[in-house]
Each structure stands twice: as C-alpha cells, then as structure tokens.
>>> print(open('query33.cif').read())   # mmCIF, C-alpha atoms
data_run
loop_
_atom_site.label_atom_id
_atom_site.label_comp_id
_atom_site.auth_asym_id
_atom_site.auth_seq_id
_atom_site.Cartn_x
_atom_site.Cartn_y
_atom_site.Cartn_z
CA MET A 1 5.85 4.33 -4.96
CA ASN A 2 2.34 4.68 -4.40
CA LYS A 3 3.23 7.41 -6.35
CA ARG A 4 2.75 7.10 -4.60
CA VAL A 5 7.21 6.10 -5.72
CA LEU A 6 8.38 5.09 -5.50
CA ALA A 7 5.55 7.70 -4.77
CA LEU A 8 6.69 9.60 -6.01
CA SER A 9 4.54 12.64 -5.90
CA VAL A 10 3.33 12.71 -9.50
CA ALA A 11 -0.33 13.45 -10.17
CA CYS A 12 -0.67 13.72 -13.91
CA ALA A 13 -3.48 15.18 -15.94
CA VAL A 14 -2.61 13.54 -19.23
CA GLY A 15 -5.64 11.84 -20.75
CA ALA A 16 -5.81 8.13 -21.33
CA LEU A 17 -4.96 6.95 -24.81
CA THR A 18 -6.02 3.63 -26.27
CA LEU A 19 -4.01 2.50 -29.25
CA SER A 20 -6.76 0.14 -30.43
CA ALA A 21 -9.96 -1.08 -28.92
CA CYS A 22 -10.56 -4.56 -27.63
CA GLY A 23 -13.55 -5.87 -25.82
CA GLY A 24 -13.46 -8.35 -22.98
CA GLY A 25 -9.71 -7.96 -22.47
CA GLY A 26 -7.24 -9.57 -24.86
CA SER A 27 -8.53 -11.29 -27.98
CA GLY A 28 -7.58 -13.80 -30.64
CA SER A 29 -8.05 -13.87 -34.43
CA ALA A 30 -8.60 -16.48 -37.11
CA ASP A 31 -4.92 -16.55 -38.06
CA GLY A 32 -3.87 -17.29 -34.49
CA THR A 33 -2.82 -13.75 -33.61
CA VAL A 34 -3.48 -12.89 -29.97
CA THR A 35 -4.01 -9.35 -28.75
CA LEU A 36 -2.98 -8.55 -25.18
CA LYS A 37 -4.57 -5.66 -23.35
CA LEU A 38 -2.05 -3.67 -21.31
CA VAL A 39 -3.29 -1.01 -18.88
CA ALA A 40 -0.62 1.17 -17.30
CA ALA A 41 -0.29 4.23 -15.07
CA ASP A 42 1.07 7.48 -16.51
CA TYR A 43 4.33 8.72 -14.98
CA GLY A 44 4.62 11.76 -17.23
CA ASP A 45 3.54 15.24 -16.23
CA LYS A 46 2.64 16.39 -19.75
CA ALA A 47 1.66 14.90 -23.10
CA SER A 48 5.21 15.07 -24.44
CA ASN A 49 6.51 12.64 -21.81
CA SER A 50 3.41 10.53 -21.23
CA SER A 51 4.10 6.87 -20.52
CA THR A 52 1.98 6.19 -23.60
CA LEU A 53 5.05 7.00 -25.70
CA TYR A 54 7.16 4.48 -23.80
CA TRP A 55 4.64 1.63 -23.91
CA LYS A 56 3.75 2.28 -27.56
CA ASP A 57 7.42 1.84 -28.44
CA VAL A 58 7.74 -1.33 -26.32
CA ALA A 59 4.59 -2.78 -27.91
CA LYS A 60 5.81 -2.01 -31.43
CA ARG A 61 9.21 -3.63 -30.89
CA PHE A 62 7.67 -6.62 -29.11
CA THR A 63 5.24 -7.33 -31.94
CA ALA A 64 8.03 -6.97 -34.49
CA ALA A 65 9.81 -9.80 -32.66
CA ASN A 66 6.58 -11.75 -31.99
CA PRO A 67 4.26 -11.19 -35.00
CA LYS A 68 1.48 -13.38 -33.59
CA ILE A 69 1.13 -11.25 -30.43
CA ARG A 70 -0.14 -7.70 -30.54
CA VAL A 71 -0.43 -5.35 -27.58
CA ASP A 72 -3.19 -2.80 -27.11
CA VAL A 73 -2.03 -0.11 -24.70
CA GLN A 74 -4.19 2.04 -22.45
CA VAL A 75 -2.37 4.55 -20.25
CA ILE A 76 -4.38 6.22 -17.49
CA ASN A 77 -3.38 9.03 -15.12
CA TRP A 78 -2.84 8.21 -11.46
CA ASN A 79 -5.97 10.07 -10.33
CA ASP A 80 -8.23 7.80 -12.39
CA ILE A 81 -6.53 4.45 -12.85
CA ASP A 82 -7.86 2.69 -9.76
CA ALA A 83 -11.48 3.63 -10.52
CA GLN A 84 -11.19 2.74 -14.21
CA VAL A 85 -9.59 -0.62 -13.50
CA LYS A 86 -12.32 -1.37 -10.96
CA THR A 87 -14.91 -0.65 -13.65
CA MET A 88 -13.09 -2.90 -16.12
CA ILE A 89 -13.09 -5.75 -13.63
CA GLN A 90 -16.74 -5.30 -12.69
CA SER A 91 -17.78 -5.24 -16.35
CA GLY A 92 -15.70 -8.32 -17.23
CA ASN A 93 -13.42 -6.29 -19.51
CA MET A 94 -10.26 -7.57 -17.85
CA PRO A 95 -6.81 -6.42 -18.88
CA ASP A 96 -4.20 -9.07 -19.51
CA VAL A 97 -1.43 -7.03 -17.92
CA LEU A 98 -1.86 -4.17 -15.44
CA GLN A 99 0.79 -1.80 -14.11
CA THR A 100 -0.36 0.32 -11.16
CA GLY A 101 0.12 0.93 -7.45
CA GLY A 102 -1.22 -2.17 -5.71
CA TYR A 103 -2.10 -5.80 -6.26
CA ALA A 104 -3.41 -7.44 -3.07
CA ASP A 105 -7.11 -6.77 -3.71
CA LYS A 106 -6.84 -8.59 -7.06
CA VAL A 107 -5.22 -11.56 -5.35
CA SER A 108 -8.06 -11.64 -2.84
CA ASP A 109 -10.51 -11.90 -5.73
CA ASP A 110 -8.45 -14.70 -7.37
CA LEU A 111 -7.87 -12.70 -10.56
CA LEU A 112 -4.12 -12.99 -11.01
CA TYR A 113 -1.56 -15.44 -12.25
CA LYS A 114 1.26 -16.27 -9.87
CA ALA A 115 4.54 -14.62 -10.84
CA ASP A 116 5.95 -18.12 -11.45
CA ASP A 117 3.32 -18.63 -14.15
CA VAL A 118 4.18 -15.55 -16.22
CA LEU A 119 7.89 -14.92 -15.71
CA SER A 120 10.80 -16.98 -16.94
CA VAL A 121 13.25 -18.25 -14.35
CA GLY A 122 15.82 -15.74 -15.55
CA THR A 123 13.50 -12.73 -15.29
CA GLN A 124 12.28 -13.79 -11.87
CA ALA A 125 15.83 -14.31 -10.60
CA ASP A 126 16.78 -10.82 -11.79
CA LEU A 127 14.24 -9.11 -9.50
CA ILE A 128 15.80 -7.49 -6.43
CA ASP A 129 14.93 -9.95 -3.69
CA SER A 130 13.48 -7.50 -1.16
CA PHE A 131 11.08 -6.15 -3.78
CA ALA A 132 10.08 -9.59 -5.04
CA LYS A 133 9.23 -10.64 -1.48
CA ALA A 134 7.11 -7.51 -1.08
CA GLY A 135 4.97 -8.87 -3.92
CA GLU A 136 4.01 -11.98 -1.97
CA VAL A 137 0.68 -12.90 -0.43
CA LYS A 138 0.97 -15.74 2.08
CA GLY A 139 4.37 -16.68 0.71
CA VAL A 140 3.34 -16.72 -2.97
CA GLN A 141 4.40 -13.92 -5.31
CA TYR A 142 1.68 -12.30 -7.41
CA GLY A 143 2.83 -8.69 -7.50
CA ILE A 144 5.78 -8.10 -9.86
CA PRO A 145 7.70 -4.96 -8.88
CA PHE A 146 8.01 -2.47 -11.73
CA VAL A 147 9.68 0.67 -10.36
CA SER A 148 10.89 1.56 -6.89
CA SER A 149 11.98 4.28 -4.52
CA SER A 150 13.64 4.52 -1.15
CA ARG A 151 14.15 7.35 1.33
CA THR A 152 17.13 9.21 2.74
CA LEU A 153 17.77 12.38 4.73
CA PHE A 154 18.20 15.59 2.72
CA TYR A 155 19.80 18.64 4.32
CA ASN A 156 20.61 22.17 3.15
CA LYS A 157 24.38 22.66 3.31
CA ALA A 158 24.18 26.47 3.29
CA ILE A 159 21.77 26.53 6.23
CA PHE A 160 23.91 24.03 8.13
CA LYS A 161 26.97 26.23 7.57
CA LYS A 162 25.15 29.34 8.84
CA ALA A 163 24.11 27.41 11.94
CA GLY A 164 27.64 26.13 12.54
CA ILE A 165 26.77 22.48 11.86
CA ALA A 166 29.58 20.47 10.30
CA LYS A 167 27.80 17.23 9.32
CA ALA A 168 24.43 15.56 9.06
CA PRO A 169 22.87 14.17 12.26
CA GLN A 170 23.18 10.45 12.89
CA ASN A 171 20.62 10.00 15.67
CA TRP A 172 17.57 11.72 17.10
CA ALA A 173 19.48 13.63 19.76
CA GLU A 174 21.80 15.10 17.13
CA LEU A 175 18.87 15.93 14.88
CA LYS A 176 17.17 17.82 17.72
CA ALA A 177 20.37 19.66 18.62
CA ASP A 178 20.92 20.67 14.98
CA ALA A 179 17.32 21.83 14.70
CA GLU A 180 17.76 24.00 17.79
CA LYS A 181 20.88 25.60 16.31
CA ILE A 182 19.08 26.30 13.05
CA LYS A 183 16.12 27.89 14.82
CA ALA A 184 18.46 30.14 16.83
CA LYS A 185 20.86 31.14 14.05
CA VAL A 186 18.80 30.96 10.83
CA PRO A 187 15.41 32.50 11.64
CA GLY A 188 12.56 32.05 9.21
CA VAL A 189 13.60 28.50 8.27
CA THR A 190 11.78 25.33 9.33
CA PRO A 191 14.55 23.26 10.95
CA TYR A 192 12.97 19.88 10.21
CA ALA A 193 10.05 19.47 7.80
CA LEU A 194 7.72 16.85 9.31
CA PRO A 195 4.86 16.08 6.88
CA LEU A 196 2.21 13.99 8.64
CA GLY A 197 -0.71 15.20 6.53
CA PRO A 198 -3.04 12.96 4.51
CA GLU A 199 -0.83 12.82 1.40
CA GLU A 200 1.63 10.37 2.94
CA ALA A 201 1.40 10.24 6.71
CA GLN A 202 1.84 6.48 6.51
CA GLY A 203 5.29 6.91 4.96
CA GLU A 204 6.79 9.51 7.31
CA SER A 205 5.31 7.70 10.31
CA LEU A 206 6.85 4.36 9.36
CA ILE A 207 10.29 5.90 8.78
CA TRP A 208 10.33 7.32 12.31
CA GLU A 209 8.93 4.13 13.83
CA LEU A 210 11.63 2.04 12.13
CA GLY A 211 14.18 4.29 13.81
CA ASN A 212 12.88 3.23 17.21
CA GLY A 213 12.51 -0.52 16.62
CA GLY A 214 8.83 -0.22 15.72
CA GLY A 215 6.73 -0.65 12.61
CA TYR A 216 3.27 -1.54 11.40
CA THR A 217 3.27 -5.32 11.83
CA ASP A 218 5.07 -8.06 13.72
CA SER A 219 6.77 -11.11 12.21
CA SER A 220 3.44 -12.93 11.98
CA GLY A 221 1.78 -10.10 10.03
CA ALA A 222 -0.39 -8.88 12.91
CA TYR A 223 -0.80 -5.12 13.15
CA THR A 224 1.21 -3.39 15.88
CA LEU A 225 0.26 0.24 15.32
CA ASN A 226 0.10 1.00 19.04
CA SER A 227 3.21 -0.89 20.09
CA PRO A 228 5.21 0.68 22.95
CA GLN A 229 7.96 1.57 20.45
CA ASN A 230 5.52 3.39 18.16
CA ILE A 231 3.88 5.28 21.01
CA ASP A 232 7.32 6.28 22.30
CA THR A 233 8.27 7.49 18.81
CA PHE A 234 5.35 9.90 18.61
CA LYS A 235 5.88 11.07 22.17
CA TRP A 236 9.45 11.94 21.19
CA LEU A 237 8.33 13.81 18.08
CA LYS A 238 5.75 15.76 20.05
CA SER A 239 8.08 16.67 22.92
CA ASN A 240 11.27 17.27 20.94
CA LEU A 241 10.23 18.69 17.58
CA VAL A 242 6.60 19.83 17.58
CA ASP A 243 6.19 21.46 21.00
CA PRO A 244 9.53 23.36 20.82
CA GLY A 245 8.63 24.75 17.39
CA LEU A 246 11.40 22.93 15.50
CA THR A 247 9.04 21.78 12.77
CA TYR A 248 5.69 22.86 11.33
CA ALA A 249 3.11 24.11 13.80
CA HIS A 250 0.57 21.61 12.44
CA PRO A 251 2.31 18.53 10.99
CA ALA A 252 -0.98 16.61 10.82
CA THR A 253 -2.23 18.95 8.08
CA THR A 254 1.10 19.40 6.28
CA ASP A 255 1.61 17.29 3.16
CA ARG A 256 4.84 16.00 1.69
CA LYS A 257 4.48 18.23 -1.38
CA THR A 258 4.60 21.26 0.94
CA ALA A 259 7.72 19.96 2.69
CA PHE A 260 9.43 19.23 -0.65
CA ALA A 261 8.53 22.67 -2.02
CA ASP A 262 9.84 24.35 1.15
CA PHE A 263 13.15 22.50 0.91
CA ALA A 264 13.51 23.37 -2.78
CA ALA A 265 12.86 27.02 -1.91
CA GLY A 266 15.44 27.09 0.90
CA LYS A 267 12.74 27.37 3.56
CA ALA A 268 13.37 23.99 5.25
CA ALA A 269 16.71 22.68 6.46
CA MET A 270 16.11 18.92 6.78
CA LEU A 271 13.58 16.30 5.74
CA ASN A 272 13.20 12.71 4.63
CA GLY A 273 13.00 12.60 0.84
CA HIS A 274 12.93 10.33 -2.18
CA PRO A 275 14.72 10.74 -5.55
CA SER A 276 12.24 13.22 -7.07
CA LEU A 277 13.48 15.80 -4.54
CA ILE A 278 16.91 15.79 -6.21
CA GLN A 279 15.71 17.60 -9.33
CA MET A 280 13.49 19.90 -7.30
CA ALA A 281 16.49 20.91 -5.20
CA LYS A 282 18.62 21.45 -8.30
CA ASP A 283 15.90 23.56 -9.91
CA GLY A 284 15.79 25.65 -6.73
CA LYS A 285 19.61 25.98 -6.78
CA ILE A 286 19.85 24.36 -3.35
CA ASP A 287 23.27 23.07 -2.29
CA TYR A 288 21.96 19.90 -0.68
CA GLY A 289 23.50 16.85 0.93
CA THR A 290 22.10 13.41 1.69
CA ALA A 291 22.79 11.01 4.54
CA PRO A 292 21.28 7.89 6.09
CA ILE A 293 18.12 8.69 8.03
CA PRO A 294 18.83 9.14 11.75
CA GLY A 295 17.31 6.60 14.13
CA ARG A 296 17.03 6.92 17.88
CA THR A 297 20.51 5.54 18.56
CA GLY A 298 22.11 5.71 15.11
CA PRO A 299 21.47 5.71 11.36
CA LEU A 300 18.76 3.42 10.04
CA LYS A 301 20.17 0.21 8.59
CA SER A 302 17.10 -0.11 6.38
CA THR A 303 14.63 2.51 5.29
CA LEU A 304 11.23 2.70 3.66
CA GLY A 305 10.96 1.09 0.24
CA VAL A 306 8.10 1.89 -2.11
CA ALA A 307 7.20 0.07 -5.31
CA ASP A 308 4.64 0.19 -8.07
CA TRP A 309 3.54 -3.11 -9.50
CA MET A 310 2.92 -5.21 -12.60
CA MET A 311 0.39 -8.03 -12.50
CA ALA A 312 -1.13 -10.51 -14.96
CA PHE A 313 -4.81 -11.45 -15.10
CA LYS A 314 -6.02 -15.01 -15.69
CA ASP A 315 -9.40 -14.20 -17.23
CA ASN A 316 -8.40 -14.21 -20.90
CA GLY A 317 -6.17 -17.26 -20.64
CA HIS A 318 -3.16 -15.75 -22.41
CA GLN A 319 -0.53 -17.10 -20.05
CA ALA A 320 2.08 -17.99 -22.67
CA GLN A 321 1.73 -14.67 -24.50
CA ILE A 322 1.86 -12.68 -21.27
CA ARG A 323 5.02 -14.54 -20.30
CA LYS A 324 6.70 -13.57 -23.58
CA PHE A 325 5.63 -9.95 -23.19
CA LEU A 326 6.75 -9.60 -19.56
CA ASP A 327 10.12 -11.16 -20.27
CA PHE A 328 10.53 -8.59 -23.06
CA ALA A 329 9.29 -5.69 -20.93
CA TYR A 330 11.69 -6.59 -18.10
CA SER A 331 14.79 -6.71 -20.32
CA LYS A 332 17.51 -4.30 -19.22
CA GLU A 333 17.07 -2.18 -22.34
CA ASN A 334 13.45 -1.45 -21.47
CA THR A 335 13.63 -1.10 -17.70
CA LEU A 336 16.68 1.15 -17.94
CA LYS A 337 14.93 3.41 -20.44
CA PHE A 338 11.84 3.73 -18.24
CA ASP A 339 13.78 4.39 -15.04
CA GLU A 340 15.99 7.01 -16.69
CA THR A 341 13.07 8.69 -18.47
CA TYR A 342 11.08 9.16 -15.25
CA ASN A 343 13.93 9.45 -12.71
CA LEU A 344 12.87 6.30 -10.91
CA MET A 345 14.73 3.48 -9.20
CA PRO A 346 15.20 -0.02 -10.63
CA VAL A 347 13.73 -3.29 -9.38
CA THR A 348 16.05 -5.61 -11.32
CA GLU A 349 19.63 -6.48 -10.51
CA ASP A 350 20.98 -5.92 -14.02
CA THR A 351 19.46 -2.44 -14.32
CA LEU A 352 20.62 -1.54 -10.81
CA ALA A 353 24.17 -2.58 -11.74
CA GLU A 354 24.02 -0.55 -14.95
CA MET A 355 22.72 2.58 -13.22
CA ARG A 356 25.36 2.26 -10.51
CA SER A 357 28.20 1.95 -13.00
CA ASN A 358 27.40 4.10 -16.02
CA GLY A 359 28.31 7.39 -14.33
CA LYS A 360 25.00 9.11 -15.06
CA HIS A 361 23.34 8.54 -11.71
CA ASP A 362 25.79 9.58 -8.99
CA ASP A 363 23.03 11.54 -7.25
CA LEU A 364 21.14 8.29 -6.75
CA LYS A 365 23.96 6.35 -5.10
CA PRO A 366 22.57 6.88 -1.54
CA PHE A 367 19.26 5.42 -2.71
CA PHE A 368 20.87 2.51 -4.54
CA ALA A 369 22.59 1.53 -1.31
CA GLN A 370 19.23 1.31 0.48
CA LEU A 371 17.33 -0.79 -2.05
CA PRO A 372 18.42 -4.33 -1.08
CA ASP A 373 17.42 -3.83 2.58
CA ALA A 374 14.30 -1.73 2.08
CA VAL A 375 11.32 -2.23 4.42
CA PHE A 376 7.83 -2.15 2.94
CA TYR A 377 4.28 -1.50 3.95
CA PRO A 378 2.31 -4.75 4.50
CA LEU A 379 1.31 -4.73 0.83
CA GLY A 380 0.33 -8.38 0.72
CA ASP A 381 -2.37 -7.87 3.35
CA THR A 382 -5.68 -7.11 1.67
CA SER A 383 -6.69 -4.94 4.64
CA TRP A 384 -3.72 -2.59 4.15
CA ASP A 385 -5.50 -0.15 1.83
CA ALA A 386 -8.14 0.52 4.48
CA VAL A 387 -5.57 0.72 7.27
CA SER A 388 -3.36 3.05 5.23
CA ALA A 389 -6.33 5.34 4.60
CA GLU A 390 -6.96 5.62 8.34
CA ILE A 391 -3.30 6.40 9.04
CA LYS A 392 -3.33 9.10 6.36
CA LYS A 393 -6.48 10.58 7.85
CA ASN A 394 -5.68 10.45 11.55
CA GLY A 395 -2.10 9.28 12.16
CA GLY A 396 -0.57 12.74 12.22
CA THR A 397 -2.77 13.82 15.10
CA ALA A 398 -0.61 11.64 17.35
CA VAL A 399 1.78 14.61 17.66
CA ASP A 400 -1.08 16.97 18.61
CA GLY A 401 -2.70 15.08 21.45
CA ASP A 402 -2.19 11.76 23.25
CA PRO A 403 -0.13 9.40 21.05
CA ALA A 404 -1.31 6.33 22.96
CA LYS A 405 -4.97 7.16 22.31
CA VAL A 406 -4.49 8.04 18.64
CA LEU A 407 -2.45 4.92 17.90
CA GLY A 408 -4.78 2.80 20.01
CA ASP A 409 -7.75 3.94 17.92
CA LEU A 410 -5.81 3.18 14.74
CA GLN A 411 -4.99 -0.29 16.06
CA LYS A 412 -8.69 -1.01 16.69
CA SER A 413 -9.52 0.14 13.15
CA ALA A 414 -6.75 -2.05 11.73
CA GLU A 415 -7.89 -5.12 13.60
CA ALA A 416 -11.47 -4.54 12.42
CA ALA A 417 -10.33 -4.14 8.83
CA LYS A 418 -8.31 -7.36 9.02
CA ALA A 419 -11.27 -9.24 10.50
CA ASP A 420 -13.44 -8.12 7.58
CA GLN A 421 -11.11 -9.68 4.97
#
>>> encode(input="query33.cif", output="structure tokens")
Amino acid sequence: MNKRVLALSVACAVGALTLSACGGGGSGSADGTVTLKLVAADYGDKASNSSTLYWKDVAKRFTAANPKIRVDVQVINWNDIDAQVKTMIQSGNMPDVLQTGGYADKVSDDLLYKADDVLSVGTQADLIDSFAKAGEVKGVQYGIPFVSSSRTLFYNKAIFKKAGIAKAPQNWAELKADAEKIKAKVPGVTPYALPLGPEEAQGESLIWELGNGGGYTDSSGAYTLNSPQNIDTFKWLKSNLVDPGLTYAHPATTDRKTAFADFAAGKAAMLNGHPSLIQMAKDGKIDYGTAPIPGRTGPLKSTLGVADWMMAFKDNGHQAQIRKFLDFAYSKENTLKFDETYNLMPVTEDTLAEMRSNGKHDDLKPFFAQLPDAVFYPLGDTSWDAVSAEIKKNGGTAVDGDPAKVLGDLQKSAEAAKADQ
C-alpha cells in the first residue's frame, strides 16, 4: 500500500526518532537481556500522530511482559526509509525487524528469516490467505503483511442525479454512457478521473487490465505486459474515454493525488479509489457512493490489493526473540489499534472480523468484501521494482499513442529486468 496502501498516498515529513541507539543491529547484555532493533515506516502526517507513538507503546508493553527483551524503535518517513535501510544493510547495521513497502530484494540477498521461522502457527494461520501468499517468493513466505488496502469505484451522487443517472455503472459500456451524460449535463466536471501519471500508473493500469482478463504476469510468473487483452484495454481507454474528452486531457501526466483532490472538491464524478478517499470526500462534503469496479462485461470479482510488509533479518541471530515480538505485535489489540489510528485495512482474520462487526467501520464494508480475493502486483519477483518504475514512467503514454508499441516496449524492459536477476 506502497503507500504506497495500502498506498495509500501518505508522504510524511515527520523526522525519524530513535528511542535508544544500538550498533550492528540488535544486541545482548551480560544479564542475558537482548535488544531488538525495529525500523518502521511513519504513517502519520504530523508529529502528534507519528507511528513512533504507536511503536513506543507496543515496545513498552512488550518489554513489560518480556523483561529480557528490549526493543529499540526507529521510525522513518516514507520518503527516506528505503535509502536509510539500504545504508543500514550496506554498513552491516542490520535491523532485526523492518516494516516498510517491499521485501523481495532482501530475499534475493538472503537476508531474511522465513515467516515460518518467526511466527507461531496461530499468528501465521490468522493472516488473510491472499495477503500471506503475496508475501511468497518461489512458494516460500518471507514477507509478512502488515497493513492493506483494496480499491473500489467512487461516484458523486449529486452529479449522477444532475445527469439523470440512477445507479453506478457495472461494465465499461455503462461507464462510458454515464460519462457522456455527465459531460453533456454537468459541464465543468471531469466525468471519469483517469490517473496514469508516475505516482501510481501501475495501479490504475492493472485495475483496468483485470477488467478485461489481462494483468501483468501469467500463471508461471512470466511478464505479459503486452498481452492482447492489455493492448485491447488501452485501446478502449483511448478510444472511449480519452479521445472523446470524458477524462483528463493528459492522463499520462495526471497523478492519483490530483484525481483524489478533484473528487473531494466535486470536480470529478467517478474514479477508482482506496479507503483514504473516504475521509477526503467527507471533508469536502461530497455525497459519495461506492460500487464494485466495472469490468468490460461486468463488475470485477477481484480488485487490486496493496500491502505494506513486515520482515525479520537473520544477521543478529535473534530468531526466538523476534518470534515473541511479532506474535505480540500481531495480536488483535495491537493490529486493531494501528488500523483504526491510520484508517487502514487489516491483514489478519481476527481484526477483519472485529472491524466488520463493531459498527465503527461501515464505510469500509465495500473494501472488506474485496480483501479475501484481492489481486497483487508480482511482489515476490525481484525484478518488479524496476518493472514498476518503467510502468510509472511510461505506461500512461499508451493512451496517447499506439498502445501496442508502448506496451511492447515495456514488455522488452520487463524481460530484460527479469534476465538481470
């Protein structure tokens, strides 16, 4: 979510805070006390709700229950965490536990424990199956999902009413017809907000491709970026939304944050969104509705799932202590608090059941329904980061020019990146 969650589109400027220093990762003492080094991403947007506060509380309560294990916490904003973790690894100052956006590169470098090694059977069984599988590399789970997000269609009820539209579209033809009505009867509004700019072109693209039987890989894991289904998807978008002026004039340079802001300001009628758009819409006093995302012939049965990840490093040899800490961190009390604090989606069955039933999260019910069948990026492929970067950079241009050429060039880049792994 690479926040990314479950991108979520948070880019925080809160400084990193280390509760106590430790060199070379976790450490031990003469009395047998072990110190674990936890490095985590910051989901807060200001100091008063920094994730530091959450993890400091978890660490304090964990040590109270396990006096021989202390936890040093370092929380780093999303703009800096990847670079700082890379420096830690290069300098041999490994964390014991890391919570961030991706894991596959660490698996490639043989840095991580398997999930089996650091989670009890009960904790592992509690993970939502589709998310646990997304943490696998070659059938072995290393990435432990931490928070999640899924996508659904948002629409502006007031705009729909002005345009004479009674319900949300269920397929592409209905979406196009609704967009035409909105353009004719509600001038000045973008009928469908299509963000294919570099912020998250890979997400919007995959959602549309899934609606046409396409996607990024086949069942064997080979890239299929220029499959006939994907090419046909972008041809449809170009001919039916872009060329007729039913979306932004230049989707390839339009980011998701722009689309979200337009919807929250009543300037866009429809778009694919994740849970953070709920509060934005409420703040903008938008009377919004949600519905399953339309596919070519009907609603998507599964939509894009995004997760951020927890992982455990082998370097310091604290397997038993890490296992105790992760079992504590993944208790319902803790995961529920984190998800509710930051308006995120759960990755464990017990927290999902609690959030579904406690009456405080009715707005999230459409997203809860999508979680078990979510489809993910090929996160376990160590070439995915490079491929994703190319899609972000160039994928949106498929609705400007020749989709077959743009996707063909992306396919060549993907195959080269995979060959280099």
>>> closest_atom_pairs(input="query33.cif", of="range 207-312 of chain A", to="range 347-362 of chain A", cutoff="12 Å", atoms="all atoms listed in the file", output="CSV")
residue,atom,partner,partner_atom,distance
A:Pro275,CA,A:His361,CA,10.8
A:Ile278,CA,A:His361,CA,11.1
A:Thr290,CA,A:Asp362,CA,11.9
A:Gly305,CA,A:Val347,CA,10.9
A:Val306,CA,A:Val347,CA,10.6
A:Ala307,CA,A:Val347,CA,8.4
A:Asp308,CA,A:Val347,CA,9.8
A:Trp309,CA,A:Val347,CA,10.2
A:Met310,CA,A:Val347,CA,11.4
>>> closest_residue(input="query33.cif", among="A:Ala398, A:Leu371, A:Ala281, A:Ala47", to="Ser148 in chain A", atoms="only C-alpha atoms")
A:Leu371
>>> atom_distance(input="query33.cif", atom1="CA of Pro251 in chain A", atom2="CA of Pro378 in chain A")
24.2 Å
>>> atom_distance(input="query33.cif", atom1="CA of Leu336 in chain A", atom2="CA of Leu153 in chain A")
25.3 Å
>>> atom_distance(input="query33.cif", atom1="CA of Trp172 in chain A", atom2="CA of Arg296 in chain A")
4.9 Å
>>> residues_near_point(input="query33.cif", point="(6.4, -0.6, -27.2)", cutoff="12 Å", atoms="all atoms listed in the file", output="VMD selection string")
chain A and resid 19 38 51 to 65 70 to 74 325 to 326 328 to 329 333 to 335 337 to 338
>>> residues_around(input="query33.cif", residues="Gly135 in chain A", least_positions_apart="2", cutoff="8 Å", atoms="all atoms listed in the file", output="ChimeraX atom specification")
/A:131-133,137,141-145,379-380
>>> closest_atom_pairs(input="query33.cif", of="range 354-396 of chain A", to="range 104-126 of chain A", cutoff="9 Å", atoms="only C-alpha atoms", output="JSON lines")
{"residue": "A:Leu379", "atom": "CA", "partner": "A:Ala104", "partner_atom": "CA", "distance": 6.7}
{"residue": "A:Gly380", "atom": "CA", "partner": "A:Ala104", "partner_atom": "CA", "distance": 5.4}
{"residue": "A:Asp381", "atom": "CA", "partner": "A:Ala104", "partner_atom": "CA", "distance": 6.5}
{"residue": "A:Thr382", "atom": "CA", "partner": "A:Ala104", "partner_atom": "CA", "distance": 5.3}
{"residue": "A:Ser383", "atom": "CA", "partner": "A:Asp105", "partner_atom": "CA", "distance": 8.6}
{"residue": "A:Trp384", "atom": "CA", "partner": "A:Ala104", "partner_atom": "CA", "distance": 8.7}
{"residue": "A:Asp385", "atom": "CA", "partner": "A:Asp105", "partner_atom": "CA", "distance": 8.8}
>>> resolve_selection(input="query33.cif", expression="the PyMOL selection byres ((chain A and resi 163) around 7)", output="VMD selection string")
chain A and resid 159 to 162 164 to 165 181 to 182 185 to 186
>>> residues_near_point(input="query33.cif", point="(-0.8, -9.0, 11.0)", cutoff="12 Å", atoms="only C-alpha atoms", output="list in words")
Lys138, Gly215, Tyr216, Thr217, Asp218, Ser219, Ser220, Gly221, Ala222, Tyr223, Thr224, Leu225, Tyr377, Pro378, Leu379, Gly380, Asp381, Thr382, Ser383, Trp384, Val387, Gln411, Ala414, Glu415, Ala416, Ala417, Lys418, Ala419 and Gln421 of chain A
>>> resolve_selection(input="query33.cif", expression="the PyMOL selection byres ((chain A and resi 407) around 12)", output="NGL selection string")
:A and (205 or 215-216 or 223-235 or 387 or 390-391 or 394-399 or 401-406 or 408-414)
>>> residues_around(input="query33.cif", residues="Met280 in chain A", least_positions_apart="4", cutoff="9 Å", atoms="all atoms listed in the file", output="list in words")
Phe260, Ala261, Phe263, Ala264, Ala265, Ser276, Gly284, Lys285 and Ile286 of chain A
